[in-house]
Amino acid sequence: MNQRVEEVVTVACEPGESLLSALERQGHRVEYQCRQGYCGACRLSLTEGAQAQALTYLRPPLAWHAENEVLTCCAHSRQPLHLKLI
């Protein structure tokens with residue numbers, strides 16, 4: 001039986017770097033496809049809703065995401081975030 005384990009990681013972006021790129025730079029593997037916010041494959045959950053205020057999107061993403069989620073491929077953050085990896 002294969003169990004999925006949730007892991008909470010802290011990620012900090014360099015200036016101009018997306019959350020997905022920052023996660024990859026730190027050695028994490030995240031599912032993605034388009035890298036432009038169209039598909040939603042890179043969607044991850046934030047551990048705290050207040051973190052959403054630190055997020056910026058250079059262009060509004062087309063893929064849907066809940067208030068406590070982020071599309072890592074096109075989101076940028078001004079502060080370190082805690083994300084749930086599954």
# chains A, B, ... in the order shown; residues from 1 in each chain; ligands from 1
>>> select_by_dssp(residues="chain A", states="strand (DSSP E)", output="PyMOL selection string")
chain A and resi 7-11+43-46+55-57+69-71+75-77+81-85
>>> write_last_selection(atoms="C-alpha atoms", output="PDB file, in the first residue's frame")
ATOM      1  CA  GLU A   7       5.808  17.516   4.039  1.00  0.00           C
ATOM      2  CA  VAL A   8       5.873  21.182   5.021  1.00  0.00           C
ATOM      3  CA  VAL A   9       8.778  23.137   3.551  1.00  0.00           C
ATOM      4  CA  THR A  10       9.910  26.734   3.809  1.00  0.00           C
ATOM      5  CA  VAL A  11      10.821  28.421   0.553  1.00  0.00           C
ATOM      6  CA  ARG A  43      -0.840  24.076  -7.196  1.00  0.00           C
ATOM      7  CA  LEU A  44       0.285  23.738  -3.562  1.00  0.00           C
ATOM      8  CA  SER A  45      -1.357  24.590  -0.242  1.00  0.00           C
ATOM      9  CA  LEU A  46      -0.134  27.307   2.071  1.00  0.00           C
ATOM     10  CA  LEU A  55       2.182  36.527  -2.875  1.00  0.00           C
ATOM     11  CA  THR A  56       2.269  38.387  -6.142  1.00  0.00           C
ATOM     12  CA  TYR A  57       1.513  37.201  -9.656  1.00  0.00           C
ATOM     13  CA  GLU A  69      -3.368  27.692  -2.412  1.00  0.00           C
ATOM     14  CA  VAL A  70      -0.703  29.029  -4.727  1.00  0.00           C
ATOM     15  CA  LEU A  71       0.295  28.313  -8.313  1.00  0.00           C
ATOM     16  CA  ALA A  75       3.780  33.216  -8.073  1.00  0.00           C
ATOM     17  CA  HIS A  76       6.461  35.277  -6.393  1.00  0.00           C
ATOM     18  CA  SER A  77       6.816  36.033  -2.702  1.00  0.00           C
ATOM     19  CA  LEU A  81       6.537  30.862   2.767  1.00  0.00           C
ATOM     20  CA  HIS A  82       5.575  27.540   4.310  1.00  0.00           C
ATOM     21  CA  LEU A  83       4.110  25.189   1.695  1.00  0.00           C
ATOM     22  CA  LYS A  84       2.662  21.694   1.921  1.00  0.00           C
ATOM     23  CA  LEU A  85       4.330  19.251  -0.459  1.00  0.00           C
TER      24      LEU A  85
END
>>> residues_around(residues="A:Arg29", least_positions_apart="6", cutoff="10 Å", atoms="only C-alpha atoms", output="PyMOL selection string")
chain A and resi 20+23+85-86
>>> write_last_selection(atoms="N, CA and C atoms", output="compact mmCIF listing (two decimals), in the first residue's frame")
# COMPACT_ATOMS: atom_id res chain seq x y z
N LEU A 20 8.14 28.10 -7.87
CA LEU A 20 8.53 26.82 -8.45
C LEU A 20 10.05 26.76 -8.64
N LEU A 23 11.73 26.41 -5.27
CA LEU A 23 11.60 25.05 -4.76
C LEU A 23 12.58 24.11 -5.46
N LEU A 85 4.00 20.11 0.68
CA LEU A 85 4.33 19.25 -0.46
C LEU A 85 3.74 17.88 -0.21
N ILE A 86 3.14 17.29 -1.22
CA ILE A 86 2.60 15.94 -1.08
C ILE A 86 3.24 15.06 -2.12
>>> residues_around(residues="A:Glu14", least_positions_apart="4", cutoff="10 Å", atoms="only C-alpha atoms", output="list of chain:residue names")
A:Ser18, A:Leu19, A:Ser21, A:Ala22, A:His76, A:Ser77, A:Arg78, A:Gln79
>>> closest_residue(among="A:Tyr32, A:Asn68, A:Leu62, A:Gln26", to="A:Gly49", atoms="only C-alpha atoms")
A:Asn68
>>> closest_residue(among="A:Cys74, A:Ala54, A:Cys42, A:Cys34", to="A:Ala12", atoms="only C-alpha atoms")
A:Ala54
>>> atom_distance(atom1="atom CA of A:Gly37", atom2="atom CA of A:Gln51")
19.2 Å
>>> closest_residue(among="A:Pro15, A:Glu6, A:Glu67, A:His28", to="A:Glu48", atoms="only C-alpha atoms")
A:Glu67
>>> select_by_dssp(residues="chain A", states="helix (DSSP H, G or I)", output="list of chain:residue names")
A:Leu19, A:Leu20, A:Ser21, A:Ala22, A:Leu23, A:Glu24, A:Arg25, A:Gly49, A:Ala50, A:Gln51, A:Ala52, A:Gln53, A:Ala54
>>> atom_distance(atom1="atom CA of A:Gly40", atom2="atom CA of A:Trp64")
6.9 Å
>>> atom_distance(atom1="atom CA of A:Glu24", atom2="atom CA of A:Ala66")
22.9 Å
